[in-house]
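Below is final-v9.cif, holding mmCIF, C-alpha atoms and all ligand atoms.
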data_entry
#
loop_
_atom_site.label_atom_id
_atom_site.label_comp_id
_atom_site.auth_asym_id
_atom_site.auth_seq_id
_atom_site.Cartn_x
_atom_site.Cartn_y
_atom_site.Cartn_z
CA MET A 1 13.68 45.80 -5.08
CA HIS A 2 13.88 49.48 -4.11
CA THR A 3 11.16 51.60 -5.67
CA GLU A 4 11.30 54.77 -3.58
CA VAL A 5 11.49 57.88 -5.73
CA ASP A 6 14.12 59.40 -3.44
CA HIS A 7 16.39 56.35 -3.63
CA THR A 8 19.73 56.64 -5.41
CA TYR A 9 20.96 53.73 -7.49
CA THR A 10 24.56 53.08 -8.44
CA VAL A 11 25.11 52.61 -12.18
CA ALA A 12 27.92 51.09 -14.21
CA VAL A 13 28.10 51.94 -17.92
CA ALA A 14 29.99 49.54 -20.19
CA GLY A 15 31.05 51.01 -23.52
CA ALA A 16 31.25 54.39 -21.79
CA THR A 17 33.57 55.89 -24.40
CA GLY A 18 31.19 55.13 -27.28
CA TYR A 19 28.42 57.33 -28.65
CA ALA A 20 25.53 55.44 -27.04
CA GLY A 21 27.35 55.00 -23.71
CA GLY A 22 28.31 58.67 -23.78
CA GLU A 23 24.70 59.75 -24.23
CA ALA A 24 23.64 57.45 -21.39
CA LEU A 25 26.25 59.10 -19.16
CA ARG A 26 25.10 62.59 -20.16
CA ILE A 27 21.54 61.74 -19.10
CA LEU A 28 22.62 59.86 -15.96
CA ALA A 29 24.76 62.81 -14.85
CA MET A 30 21.58 64.95 -14.73
CA HIS A 31 19.31 62.23 -13.26
CA PRO A 32 18.21 62.67 -9.64
CA ASN A 33 18.17 58.93 -8.83
CA PHE A 34 21.37 57.60 -10.39
CA THR A 35 25.02 57.92 -9.47
CA VAL A 36 27.54 56.69 -12.01
CA THR A 37 30.00 54.60 -10.02
CA CYS A 38 31.79 52.72 -12.80
CA VAL A 39 32.66 53.21 -16.46
CA THR A 40 34.26 50.57 -18.65
CA GLY A 41 35.76 50.47 -22.12
CA HIS A 42 38.04 48.43 -24.34
CA SER A 43 40.94 50.25 -26.01
CA SER A 44 40.60 53.20 -23.61
CA VAL A 45 41.06 51.30 -20.33
CA GLY A 46 43.11 53.35 -17.86
CA ASP A 47 42.18 56.73 -19.32
CA THR A 48 40.04 59.14 -17.35
CA LEU A 49 36.54 59.64 -18.75
CA GLY A 50 37.29 63.34 -19.17
CA LYS A 51 39.49 62.47 -22.16
CA TRP A 52 36.54 60.89 -23.99
CA ALA A 53 33.57 62.79 -22.58
CA PRO A 54 34.76 66.32 -21.83
CA HIS A 55 31.15 67.51 -22.22
CA ILE A 56 30.30 65.82 -18.86
CA PRO A 57 32.61 67.54 -16.37
CA SER A 58 30.99 65.98 -13.29
CA LEU A 59 32.15 62.51 -14.41
CA ALA A 60 35.52 63.51 -15.85
CA GLY A 61 37.55 62.02 -12.99
CA LEU A 62 36.22 58.46 -13.35
CA VAL A 63 38.87 56.00 -14.56
CA ILE A 64 37.85 53.68 -17.40
CA GLU A 65 38.04 50.07 -16.29
CA ASP A 66 38.10 46.84 -18.26
CA THR A 67 34.73 45.45 -19.38
CA THR A 68 34.46 42.30 -17.25
CA ALA A 69 31.73 40.73 -15.13
CA GLU A 70 33.84 41.28 -12.00
CA VAL A 71 34.11 45.01 -12.63
CA LEU A 72 30.42 45.41 -13.53
CA SER A 73 29.05 43.31 -10.66
CA GLY A 74 28.05 44.96 -7.41
CA HIS A 75 26.36 47.98 -8.98
CA ASP A 76 22.57 48.32 -8.77
CA VAL A 77 22.18 48.97 -12.48
CA VAL A 78 24.39 48.09 -15.46
CA ILE A 79 23.95 49.68 -18.89
CA LEU A 80 25.69 47.76 -21.66
CA ALA A 81 26.56 49.92 -24.69
CA LEU A 82 28.80 47.42 -26.44
CA PRO A 83 29.10 46.20 -30.03
CA HIS A 84 26.56 43.56 -31.05
CA GLY A 85 27.55 40.13 -29.81
CA ALA A 86 29.70 41.48 -26.96
CA SER A 87 26.97 41.76 -24.34
CA GLY A 88 25.15 38.39 -24.40
CA ALA A 89 27.74 36.25 -22.62
CA LEU A 90 28.81 39.09 -20.31
CA ALA A 91 25.23 39.83 -19.25
CA ALA A 92 24.67 36.18 -18.34
CA GLU A 93 27.33 36.55 -15.63
CA LEU A 94 25.80 39.61 -13.97
CA HIS A 95 23.75 37.62 -11.46
CA ASP A 96 23.75 40.11 -8.61
CA VAL A 97 22.86 43.20 -10.65
CA GLN A 98 19.30 44.42 -10.01
CA VAL A 99 18.62 45.76 -13.51
CA VAL A 100 20.68 45.28 -16.68
CA VAL A 101 19.84 47.29 -19.82
CA ASP A 102 21.44 46.18 -23.07
CA LEU A 103 21.56 48.91 -25.73
CA GLY A 104 22.84 46.43 -28.32
CA ALA A 105 20.87 43.85 -30.28
CA ASP A 106 21.79 40.71 -28.35
CA HIS A 107 18.47 40.42 -26.51
CA ARG A 108 16.02 42.08 -28.91
CA LEU A 109 14.84 39.37 -31.27
CA GLU A 110 12.30 36.72 -30.30
CA SER A 111 13.17 34.51 -33.26
CA GLN A 112 16.51 32.72 -33.34
CA GLU A 113 15.99 32.23 -37.07
CA ASP A 114 15.96 36.01 -37.54
CA TRP A 115 19.03 36.38 -35.34
CA ASP A 116 20.91 33.78 -37.39
CA ALA A 117 19.85 35.41 -40.66
CA TYR A 118 20.64 39.02 -39.79
CA TYR A 119 23.34 38.89 -37.08
CA GLY A 120 24.84 35.42 -36.63
CA GLY A 121 26.89 34.16 -33.69
CA GLN A 122 25.42 32.87 -30.46
CA TYR A 123 21.73 33.58 -29.89
CA PHE A 124 20.72 34.78 -26.44
CA SER A 125 17.16 34.73 -25.17
CA HIS A 126 15.16 37.91 -25.64
CA TRP A 127 14.61 40.31 -22.76
CA THR A 128 11.75 42.65 -21.90
CA TYR A 129 11.68 45.05 -24.83
CA GLY A 130 12.54 48.60 -23.84
CA MET A 131 10.11 50.65 -25.90
CA PRO A 132 7.43 51.90 -23.46
CA GLU A 133 5.12 53.21 -26.22
CA LEU A 134 5.15 50.03 -28.30
CA MET A 135 1.49 49.07 -28.77
CA THR A 136 0.75 45.56 -27.59
CA GLY A 137 -2.97 45.04 -28.18
CA VAL A 138 -5.40 45.04 -31.09
CA SER A 139 -8.27 47.31 -30.12
CA GLY A 140 -7.44 48.78 -26.74
CA HIS A 141 -4.36 50.93 -26.39
CA ASP A 142 -2.13 48.68 -24.34
CA PHE A 143 1.51 49.54 -24.31
CA GLN A 144 4.78 47.80 -23.54
CA ARG A 145 5.10 50.09 -20.49
CA SER A 146 3.16 47.60 -18.36
CA GLU A 147 5.65 44.83 -19.22
CA LEU A 148 8.52 47.07 -18.14
CA ALA A 149 7.26 47.70 -14.60
CA GLY A 150 9.53 45.66 -12.34
CA ALA A 151 11.60 44.31 -15.26
CA THR A 152 15.15 43.31 -14.39
CA ARG A 153 16.58 42.65 -17.87
CA ILE A 154 15.74 45.17 -20.62
CA ALA A 155 16.62 45.08 -24.33
CA GLY A 156 17.02 48.56 -25.80
CA PRO A 157 15.58 48.85 -29.35
CA GLY A 158 17.49 49.87 -32.47
CA CYS A 159 17.25 53.56 -33.30
CA ASN A 160 15.88 53.14 -36.84
CA VAL A 161 13.47 50.60 -35.40
CA THR A 162 12.20 53.15 -32.91
CA ALA A 163 11.54 55.82 -35.54
CA THR A 164 9.81 53.39 -37.93
CA THR A 165 7.71 51.63 -35.30
CA LEU A 166 6.42 54.77 -33.61
CA ALA A 167 5.46 56.27 -36.99
CA MET A 168 3.39 53.43 -38.42
CA GLN A 169 2.11 51.32 -35.51
CA PRO A 170 -1.15 53.24 -34.83
CA ALA A 171 -2.26 52.85 -38.46
CA LEU A 172 -1.34 49.17 -38.57
CA ALA A 173 -3.04 48.41 -35.27
CA ALA A 174 -6.25 50.08 -36.45
CA GLY A 175 -6.20 48.23 -39.80
CA LEU A 176 -5.96 51.48 -41.79
CA VAL A 177 -3.12 50.18 -43.98
CA THR A 178 -2.09 46.82 -45.37
CA HIS A 179 0.96 44.95 -44.09
CA ASP A 180 3.10 46.13 -47.04
CA VAL A 181 5.22 48.83 -45.48
CA VAL A 182 8.05 50.88 -47.02
CA ALA A 183 10.37 52.91 -44.80
CA ASN A 184 12.93 55.43 -46.04
CA LEU A 185 15.08 57.02 -43.37
CA VAL A 186 17.51 59.92 -43.36
CA VAL A 187 20.00 59.17 -40.58
CA GLY A 188 22.92 60.88 -38.89
CA TYR A 189 26.41 59.42 -38.69
CA SER A 190 26.50 58.86 -34.93
CA GLY A 191 24.16 55.89 -35.48
CA ALA A 192 27.14 53.97 -36.77
CA GLY A 193 29.17 54.44 -33.60
CA LYS A 194 32.51 56.19 -33.35
CA LYS A 195 34.64 53.43 -34.86
CA LEU A 196 35.94 53.83 -38.38
CA GLY A 197 34.25 50.76 -39.70
CA ARG A 198 31.35 50.25 -42.04
CA VAL A 199 30.91 53.92 -42.83
CA ASN A 200 33.59 56.40 -43.65
CA LEU A 201 33.69 59.06 -40.99
CA LEU A 202 36.18 61.29 -42.80
CA ALA A 203 34.65 64.75 -42.92
CA SER A 204 35.94 65.24 -46.46
CA GLU A 205 33.78 62.35 -47.64
CA ALA A 206 30.79 62.62 -45.29
CA LEU A 207 30.10 66.35 -45.44
CA GLY A 208 28.11 67.55 -48.43
CA SER A 209 27.07 64.04 -49.45
CA ALA A 210 24.21 61.61 -48.79
CA VAL A 211 24.58 57.87 -49.31
CA ALA A 212 22.31 54.86 -48.84
CA TYR A 213 23.45 51.73 -47.00
CA GLY A 214 22.00 48.42 -45.86
CA VAL A 215 19.78 48.32 -48.98
CA GLY A 216 17.79 45.55 -50.65
CA GLY A 217 16.31 43.96 -47.55
CA THR A 218 19.66 43.37 -45.84
CA HIS A 219 19.44 45.81 -42.93
CA ARG A 220 19.47 44.06 -39.56
CA HIS A 221 16.67 46.24 -38.17
CA ILE A 222 14.10 44.69 -40.53
CA PRO A 223 13.17 41.67 -38.37
CA GLU A 224 12.98 43.83 -35.23
CA ILE A 225 10.57 46.27 -36.90
CA LYS A 226 8.38 43.42 -38.18
CA GLN A 227 8.39 41.93 -34.67
CA ASN A 228 7.12 45.27 -33.32
CA PHE A 229 4.48 45.66 -36.03
CA ALA A 230 3.22 42.18 -35.17
CA HIS A 231 2.85 43.08 -31.48
CA ALA A 232 1.10 46.33 -32.37
CA CYS A 233 -1.45 44.26 -34.32
CA GLY A 234 -1.88 41.74 -31.50
CA LEU A 235 0.04 39.03 -33.39
CA SER A 236 2.96 36.93 -32.17
CA GLY A 237 6.42 38.45 -32.61
CA GLY A 238 7.59 35.25 -34.31
CA THR A 239 5.17 33.91 -36.93
CA GLY A 240 2.97 37.04 -36.79
CA ALA A 241 5.92 39.09 -38.02
CA ASP A 242 5.97 37.04 -41.24
CA SER A 243 2.68 38.64 -42.31
CA PHE A 244 4.52 41.91 -42.94
CA SER A 245 6.64 42.90 -45.89
CA LEU A 246 9.02 45.76 -45.17
CA GLY A 247 11.04 47.71 -47.70
CA PHE A 248 13.70 49.51 -45.69
CA THR A 249 16.28 52.00 -46.96
CA PRO A 250 18.37 54.18 -44.65
CA VAL A 251 20.31 57.08 -46.15
CA LEU A 252 23.23 58.66 -44.32
CA ALA A 253 23.06 62.46 -44.32
CA PRO A 254 25.74 64.88 -43.21
CA MET A 255 24.49 65.44 -39.68
CA ALA A 256 25.83 64.09 -36.39
CA ARG A 257 22.52 63.03 -34.84
CA GLY A 258 18.95 62.50 -35.89
CA ILE A 259 16.62 60.21 -37.83
CA MET A 260 13.88 61.46 -40.12
CA ALA A 261 11.73 58.47 -41.10
CA THR A 262 9.18 58.46 -43.94
CA VAL A 263 7.08 55.32 -43.63
CA SER A 264 4.32 54.49 -46.12
CA ALA A 265 1.79 51.72 -46.74
CA PRO A 266 -1.27 51.21 -48.95
CA LEU A 267 -4.52 52.37 -47.35
CA THR A 268 -7.20 49.76 -46.70
CA ASP A 269 -10.85 50.60 -47.38
CA ALA A 270 -11.13 51.58 -43.70
CA GLY A 271 -8.14 53.90 -44.05
CA ARG A 272 -9.50 55.51 -47.26
CA GLU A 273 -12.85 56.05 -45.60
CA LEU A 274 -11.32 57.70 -42.58
CA GLY A 275 -9.14 60.16 -44.48
CA GLU A 276 -6.18 62.23 -43.34
CA GLU A 277 -7.81 64.40 -40.71
CA SER A 278 -9.44 61.51 -38.88
CA ILE A 279 -6.28 59.42 -39.12
CA ARG A 280 -4.37 62.26 -37.48
CA ALA A 281 -7.07 62.43 -34.79
CA LEU A 282 -6.65 58.69 -34.23
CA TYR A 283 -2.88 59.12 -33.84
CA GLU A 284 -3.53 61.91 -31.34
CA ARG A 285 -5.83 59.64 -29.33
CA VAL A 286 -3.38 56.73 -29.38
CA TYR A 287 -0.48 58.85 -28.18
CA ALA A 288 -2.50 61.24 -25.96
CA ASP A 289 -1.10 59.95 -22.66
CA GLN A 290 2.42 59.28 -23.95
CA MET A 291 4.51 62.15 -22.64
CA PHE A 292 7.34 61.78 -25.14
CA MET A 293 5.13 61.36 -28.20
CA GLN A 294 4.08 64.51 -30.01
CA VAL A 295 1.67 64.28 -32.94
CA LEU A 296 2.22 67.58 -34.72
CA PRO A 297 -0.64 69.83 -35.87
CA ALA A 298 -1.82 69.52 -39.49
CA GLY A 299 0.63 71.16 -41.85
CA GLN A 300 3.66 70.83 -39.59
CA LEU A 301 6.24 68.20 -40.47
CA PRO A 302 8.74 66.57 -38.10
CA ALA A 303 12.34 67.77 -38.36
CA THR A 304 15.37 66.28 -36.64
CA GLY A 305 16.53 69.73 -35.58
CA ASN A 306 13.56 70.04 -33.22
CA VAL A 307 14.21 66.86 -31.23
CA LEU A 308 17.99 66.79 -30.83
CA GLY A 309 19.08 66.26 -27.25
CA SER A 310 15.59 65.14 -26.26
CA ASN A 311 13.69 61.92 -25.74
CA ALA A 312 10.78 63.21 -27.83
CA ALA A 313 9.40 61.64 -30.99
CA HIS A 314 7.62 64.00 -33.38
CA ILE A 315 5.00 62.38 -35.61
CA GLN A 316 2.91 63.49 -38.59
CA VAL A 317 0.67 61.71 -41.10
CA ALA A 318 -0.39 62.51 -44.68
CA VAL A 319 -2.73 60.73 -47.08
CA ASP A 320 -1.92 60.59 -50.79
CA GLU A 321 -5.37 59.83 -52.16
CA ARG A 322 -4.24 59.39 -55.78
CA ALA A 323 -1.58 56.87 -54.83
CA GLY A 324 -3.78 55.31 -52.14
CA LEU A 325 -0.99 55.58 -49.58
CA LEU A 326 -0.68 56.64 -45.96
CA TYR A 327 2.58 58.40 -45.13
CA ALA A 328 3.67 58.49 -41.49
CA PHE A 329 6.66 60.63 -40.57
CA SER A 330 8.75 60.61 -37.42
CA ALA A 331 11.79 62.49 -36.20
CA ILE A 332 13.94 61.38 -33.28
CA ASP A 333 17.42 61.87 -31.89
CA ASN A 334 19.02 58.44 -32.48
CA LEU A 335 21.31 58.66 -29.46
CA ASN A 336 18.71 60.00 -27.04
CA ARG A 337 15.23 58.75 -27.97
CA GLY A 338 16.74 56.07 -30.22
CA THR A 339 18.83 54.50 -27.50
CA ALA A 340 20.02 56.08 -24.22
CA GLY A 341 16.95 58.22 -23.48
CA GLN A 342 14.54 55.42 -24.24
CA ALA A 343 16.69 53.07 -22.13
CA ILE A 344 16.56 55.39 -19.13
CA GLN A 345 12.82 55.91 -19.65
CA SER A 346 12.45 52.12 -19.50
CA LEU A 347 14.74 51.95 -16.48
CA ASN A 348 12.66 54.59 -14.69
CA ILE A 349 9.54 52.50 -15.31
CA ALA A 350 11.26 49.30 -14.20
CA LEU A 351 12.34 50.89 -10.92
CA GLY A 352 9.07 52.68 -10.21
CA LEU A 353 10.59 56.14 -10.71
CA PRO A 354 8.80 58.97 -12.53
CA GLU A 355 8.94 57.95 -16.19
CA ASP A 356 10.48 61.24 -17.25
CA ALA A 357 13.10 61.52 -14.49
CA GLY A 358 16.31 62.86 -16.01
CA LEU A 359 14.69 63.17 -19.45
CA THR A 360 13.35 66.05 -21.50
CA VAL A 361 11.05 66.68 -24.47
CA ILE A 362 12.77 69.98 -25.12
CA GLY A 363 15.17 69.93 -28.07
CA VAL A 364 18.18 72.14 -28.70
CA ALA A 365 17.00 73.69 -31.99
CA PRO A 366 18.34 75.31 -34.07
N1 LIG A 401 24.87 54.89 -32.01
C1 LIG A 401 23.55 54.76 -31.99
O1 LIG A 401 22.78 55.64 -32.45
C2 LIG A 401 22.93 53.56 -31.38
C3 LIG A 401 23.69 52.53 -30.85
N2 LIG A 401 23.08 51.43 -30.32
C4 LIG A 401 23.87 50.31 -29.83
O2 LIG A 401 24.71 50.67 -28.75
C5 LIG A 401 25.87 49.87 -28.77
C6 LIG A 401 27.09 50.78 -28.80
O3 LIG A 401 27.07 51.53 -30.00
P1 LIG A 401 27.88 52.87 -30.23
O4 LIG A 401 28.01 53.62 -28.97
O5 LIG A 401 27.27 53.52 -31.39
O6 LIG A 401 29.33 52.29 -30.62
P2 LIG A 401 30.77 52.96 -30.44
O7 LIG A 401 31.63 52.32 -31.45
O8 LIG A 401 30.65 54.44 -30.46
O9 LIG A 401 31.25 52.51 -28.98
C7 LIG A 401 31.57 51.18 -28.67
C8 LIG A 401 31.97 51.07 -27.21
O10 LIG A 401 32.22 49.70 -26.90
C9 LIG A 401 33.58 49.53 -26.49
N3 LIG A 401 34.07 48.30 -27.14
C10 LIG A 401 34.47 48.13 -28.42
N4 LIG A 401 34.80 46.83 -28.63
C11 LIG A 401 34.62 46.19 -27.46
C12 LIG A 401 34.80 44.84 -27.02
N5 LIG A 401 35.22 43.90 -27.86
N6 LIG A 401 34.51 44.55 -25.74
C13 LIG A 401 34.09 45.49 -24.88
N7 LIG A 401 33.91 46.78 -25.23
C14 LIG A 401 34.14 47.12 -26.50
C15 LIG A 401 34.32 50.76 -26.94
O11 LIG A 401 35.39 50.99 -26.01
P3 LIG A 401 36.79 51.75 -26.40
O12 LIG A 401 36.42 53.06 -26.97
O13 LIG A 401 37.47 51.86 -25.08
O14 LIG A 401 37.51 50.87 -27.35
C16 LIG A 401 33.23 51.82 -26.86
O15 LIG A 401 33.11 52.29 -25.54
C17 LIG A 401 25.79 48.99 -30.02
O16 LIG A 401 25.29 47.74 -29.73
C18 LIG A 401 24.86 49.80 -30.87
O17 LIG A 401 24.29 49.03 -31.86
C19 LIG A 401 21.71 51.32 -30.28
C20 LIG A 401 20.90 52.29 -30.79
C21 LIG A 401 21.46 53.49 -31.39
C1 LIG A 402 24.13 55.30 -39.27
C2 LIG A 402 24.06 53.86 -38.82
O1 LIG A 402 24.87 53.06 -39.22
N1 LIG A 402 23.10 53.53 -37.97
C3 LIG A 402 22.93 52.20 -37.46
C4 LIG A 402 21.88 52.20 -36.41
C5 LIG A 402 22.38 51.98 -35.05
C6 LIG A 402 21.34 51.42 -34.11
O2 LIG A 402 20.17 51.57 -34.13
O3 LIG A 402 21.74 50.61 -33.26
P1 LIG A 402 21.88 49.06 -33.35
O4 LIG A 402 23.06 48.91 -34.23
O5 LIG A 402 22.06 48.76 -31.94
O6 LIG A 402 20.71 48.36 -33.86
C7 LIG A 402 22.47 51.27 -38.54
O7 LIG A 402 21.70 51.66 -39.39
O8 LIG A 402 22.80 50.07 -38.44
#
Is it possible to give me this structure as structure tokens?
Ligand SMILES: NC(=O)C1=CN([C@@H]2O[C@H](COP(=O)(O)OP(=O)(O)OC[C@H]3O[C@@H](n4cnc5c(N)ncnc54)[C@H](OP(=O)(O)O)[C@@H]3O)[C@@H](O)[C@H]2O)C=CC1
Ligand SMILES: CC(=O)N[C@@H](CCC(=O)OP(=O)(O)O)C(=O)O
Amino acid sequence: MHTEVDHTYTVAVAGATGYAGGEALRILAMHPNFTVTCVTGHSSVGDTLGKWAPHIPSLAGLVIEDTTAEVLSGHDVVILALPHGASGALAAELHDVQVVVDLGADHRLESQEDWDAYYGGQYFSHWTYGMPELMTGVSGHDFQRSELAGATRIAGPGCNVTATTLAMQPALAAGLVTHDVVANLVVGYSGAGKKLGRVNLLASEALGSAVAYGVGGTHRHIPEIKQNFAHACGLSGGTGADSFSLGFTPVLAPMARGIMATVSAPLTDAGRELGEESIRALYERVYADQMFMQVLPAGQLPATGNVLGSNAAHIQVAVDERAGLLYAFSAIDNLNRGTAGQAIQSLNIALGLPEDAGLTVIGVAP
């Protein structure tokens, strides 16, 4: 495996015309170590990429090819940004590809039971999970980053999963809250992809309105978040995840990108004793060496507008003493930090490149 920082890798992006694939291409086009040599699609095969991604002029001349193993083979890296269920079988045929990153859910879950319950269809084995800042130990601050070094098959997390996990994992790992977590998320429409499917993308209906979806414990990100919480607490991703209860309600808001997560859980005696200031200090210590994690100063709350276009996650905590609750807030860009940015961060680690190559913590606010 090449690990030289001046090496250039060829990259094929499948699902290049979609929102997640498009964001991956935007980052790759600015990355010093990657050259996009192939883009594939489905209904857009034969078009030039410029028709679908005019915001990336340097790649506009690439012709969109069919999404097959033959087309994707022979490139150093393949990024799969396909609908759920479309990448598992395809990925299994990519024998000669050095690193494959799947942005979909096909390789995220460790439990087949969870896959059957929330997704259905064929279950594929789970891959190295592509969230470098996922905590993986009980007392020490071990992170998933070490698992990603040298990884050849990487499962990109869900975007809501990323926001929820990064917000609450330090408190859970330190035993400051119970395992009864409630997450309410305000999310932008691009999370649903560009197809006119589950959500109505008509501006006349989306603008000026907020609407919940995936309510009542049905959202497919629930098992993935519980799997992450389990790892953060040093438990197994399978049975350990069952010790958590997670209320999860996403609400679509009229914005293109962004997730603002409000995650709460009852304080334990240890959490009550510590109090808000010391809990914030603990969060700062946990994330101190994590270049994309920013625990905001007291009094400053995360806002999606500050992280758009960046791989940053902004975090804040608040204690409601009367209610006995810890609130943890996070803001991310779902397309960047929530999928493509985090995927390229993981890819950088896997290939021994600087972790932040091609990535930024600087948002495009306002
Ligand atoms: N949007 C987000 O914020 C996030 C998305 N993801 C994941 O990334 C993946 C892509 O999502 P997203 O970009 O939002 O979706 P989009 O609907 O925007 O894009 C889907 C892409 O897949 C192609 N495609 C559609 N059907 C097929 C098929 N049957 N076989 C091969 N290619 C197909 C489309 O090609 P064409 O246009 O040519 O038809 C398009 O390029 C999903 O698994 C999603 O869950 C993960 C985290 C966040
Ligand atoms: C607005 C919207 O619909 N968002 C998607 C999140 C997309 C995402 O995280 O990706 P995966 O689908 O790959 O898990 C949702 O909540 O299901």
* Asked: Within 10 Å of ligand LIG 402 (chain A), counting all atoms listed in the file: which residues, as a PyMOL selection string?
  -> chain A and resi 20+81-84+102-106+108+156-163+185-193+197-199+212-214+219-221+224+249-253+256-259+334-335+338-339
Please save C-alpha atoms of the selected residues as a PDB file, in the coordinates of the input.
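Result file follows (out16.pdb):
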ATOM      1  CA  ALA A  20      25.530  55.440 -27.040  1.00  0.00           C
ATOM      2  CA  ALA A  81      26.560  49.920 -24.690  1.00  0.00           C
ATOM      3  CA  LEU A  82      28.800  47.420 -26.440  1.00  0.00           C
ATOM      4  CA  PRO A  83      29.100  46.200 -30.030  1.00  0.00           C
ATOM      5  CA  HIS A  84      26.560  43.560 -31.050  1.00  0.00           C
ATOM      6  CA  ASP A 102      21.440  46.180 -23.070  1.00  0.00           C
ATOM      7  CA  LEU A 103      21.560  48.910 -25.730  1.00  0.00           C
ATOM      8  CA  GLY A 104      22.840  46.430 -28.320  1.00  0.00           C
ATOM      9  CA  ALA A 105      20.870  43.850 -30.280  1.00  0.00           C
ATOM     10  CA  ASP A 106      21.790  40.710 -28.350  1.00  0.00           C
ATOM     11  CA  ARG A 108      16.020  42.080 -28.910  1.00  0.00           C
ATOM     12  CA  GLY A 156      17.020  48.560 -25.800  1.00  0.00           C
ATOM     13  CA  PRO A 157      15.580  48.850 -29.350  1.00  0.00           C
ATOM     14  CA  GLY A 158      17.490  49.870 -32.470  1.00  0.00           C
ATOM     15  CA  CYS A 159      17.250  53.560 -33.300  1.00  0.00           C
ATOM     16  CA  ASN A 160      15.880  53.140 -36.840  1.00  0.00           C
ATOM     17  CA  VAL A 161      13.470  50.600 -35.400  1.00  0.00           C
ATOM     18  CA  THR A 162      12.200  53.150 -32.910  1.00  0.00           C
ATOM     19  CA  ALA A 163      11.540  55.820 -35.540  1.00  0.00           C
ATOM     20  CA  LEU A 185      15.080  57.020 -43.370  1.00  0.00           C
ATOM     21  CA  VAL A 186      17.510  59.920 -43.360  1.00  0.00           C
ATOM     22  CA  VAL A 187      20.000  59.170 -40.580  1.00  0.00           C
ATOM     23  CA  GLY A 188      22.920  60.880 -38.890  1.00  0.00           C
ATOM     24  CA  TYR A 189      26.410  59.420 -38.690  1.00  0.00           C
ATOM     25  CA  SER A 190      26.500  58.860 -34.930  1.00  0.00           C
ATOM     26  CA  GLY A 191      24.160  55.890 -35.480  1.00  0.00           C
ATOM     27  CA  ALA A 192      27.140  53.970 -36.770  1.00  0.00           C
ATOM     28  CA  GLY A 193      29.170  54.440 -33.600  1.00  0.00           C
ATOM     29  CA  GLY A 197      34.250  50.760 -39.700  1.00  0.00           C
ATOM     30  CA  ARG A 198      31.350  50.250 -42.040  1.00  0.00           C
ATOM     31  CA  VAL A 199      30.910  53.920 -42.830  1.00  0.00           C
ATOM     32  CA  ALA A 212      22.310  54.860 -48.840  1.00  0.00           C
ATOM     33  CA  TYR A 213      23.450  51.730 -47.000  1.00  0.00           C
ATOM     34  CA  GLY A 214      22.000  48.420 -45.860  1.00  0.00           C
ATOM     35  CA  HIS A 219      19.440  45.810 -42.930  1.00  0.00           C
ATOM     36  CA  ARG A 220      19.470  44.060 -39.560  1.00  0.00           C
ATOM     37  CA  HIS A 221      16.670  46.240 -38.170  1.00  0.00           C
ATOM     38  CA  GLU A 224      12.980  43.830 -35.230  1.00  0.00           C
ATOM     39  CA  THR A 249      16.280  52.000 -46.960  1.00  0.00           C
ATOM     40  CA  PRO A 250      18.370  54.180 -44.650  1.00  0.00           C
ATOM     41  CA  VAL A 251      20.310  57.080 -46.150  1.00  0.00           C
ATOM     42  CA  LEU A 252      23.230  58.660 -44.320  1.00  0.00           C
ATOM     43  CA  ALA A 253      23.060  62.460 -44.320  1.00  0.00           C
ATOM     44  CA  ALA A 256      25.830  64.090 -36.390  1.00  0.00           C
ATOM     45  CA  ARG A 257      22.520  63.030 -34.840  1.00  0.00           C
ATOM     46  CA  GLY A 258      18.950  62.500 -35.890  1.00  0.00           C
ATOM     47  CA  ILE A 259      16.620  60.210 -37.830  1.00  0.00           C
ATOM     48  CA  ASN A 334      19.020  58.440 -32.480  1.00  0.00           C
ATOM     49  CA  LEU A 335      21.310  58.660 -29.460  1.00  0.00           C
ATOM     50  CA  GLY A 338      16.740  56.070 -30.220  1.00  0.00           C
ATOM     51  CA  THR A 339      18.830  54.500 -27.500  1.00  0.00           C
TER      52      THR A 339
END
* To do: Find the residues around segment 267-283 of chain A up to 6 Å (only C-alpha atoms counted), leave out those fewer than 5 positions away in its own chain, and share them as a list in words.
  =>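 The residues satisfying every condition are Leu176, Val177, Ala318, Val319, Gly324, Leu325 and Leu326 of chain A.
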* Asked: Neighbours of Ala331 of chain A within 10 Å (all atoms listed in the file; same-chain residues fewer than 2 positions away dropped), as a VMD selection string?
  -> chain A and resid 162 to 164 166 to 167 185 to 187 258 to 262 301 to 308 312 to 316 329 333 to 334 337
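The protein and nucleic acid residues lying at most 12 Å from Thr218 of chain A are Asp114, Ala117, Tyr118, Tyr119, Tyr213, Pro223, Leu246, Gly247, Phe248, Thr249 and Pro250 of chain A, with all atoms listed in the file considered and sequence neighbours fewer than 5 positions away removed.
Residue nearest ligand LIG 401 (chain A), chosen from A:Ala149, A:Ala343, A:Val77, A:Ala230 and counting only C-alpha atoms and all ligand atoms: A:Ala343.
Summary of the local environment: counting only C-alpha atoms, residues at most 7 Å from Arg145 of chain A, other than itself and those fewer than 2 positions away along its chain, are Pro132, Glu133, Phe143, Glu147, Leu148 and Ala149 of chain A.
Here atom CA of Ser264 of chain A and atom CA of Ile225 of chain A stand 13.8 Å from one another.
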* Please, what distance in Å, to one decimal, runs between atom O4 of ligand LIG 401 (chain A) and atom CA of Ala16 of chain A? ->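 About the pair atom O4 of ligand LIG 401 (chain A) and atom CA of Ala16 of chain A: they are 7.9 Å apart.
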* Asked: What is the atom CA of His75 of chain A-atom CA of Met291 of chain A distance in Å, reported with one decimal?
  -> 29.4 Å
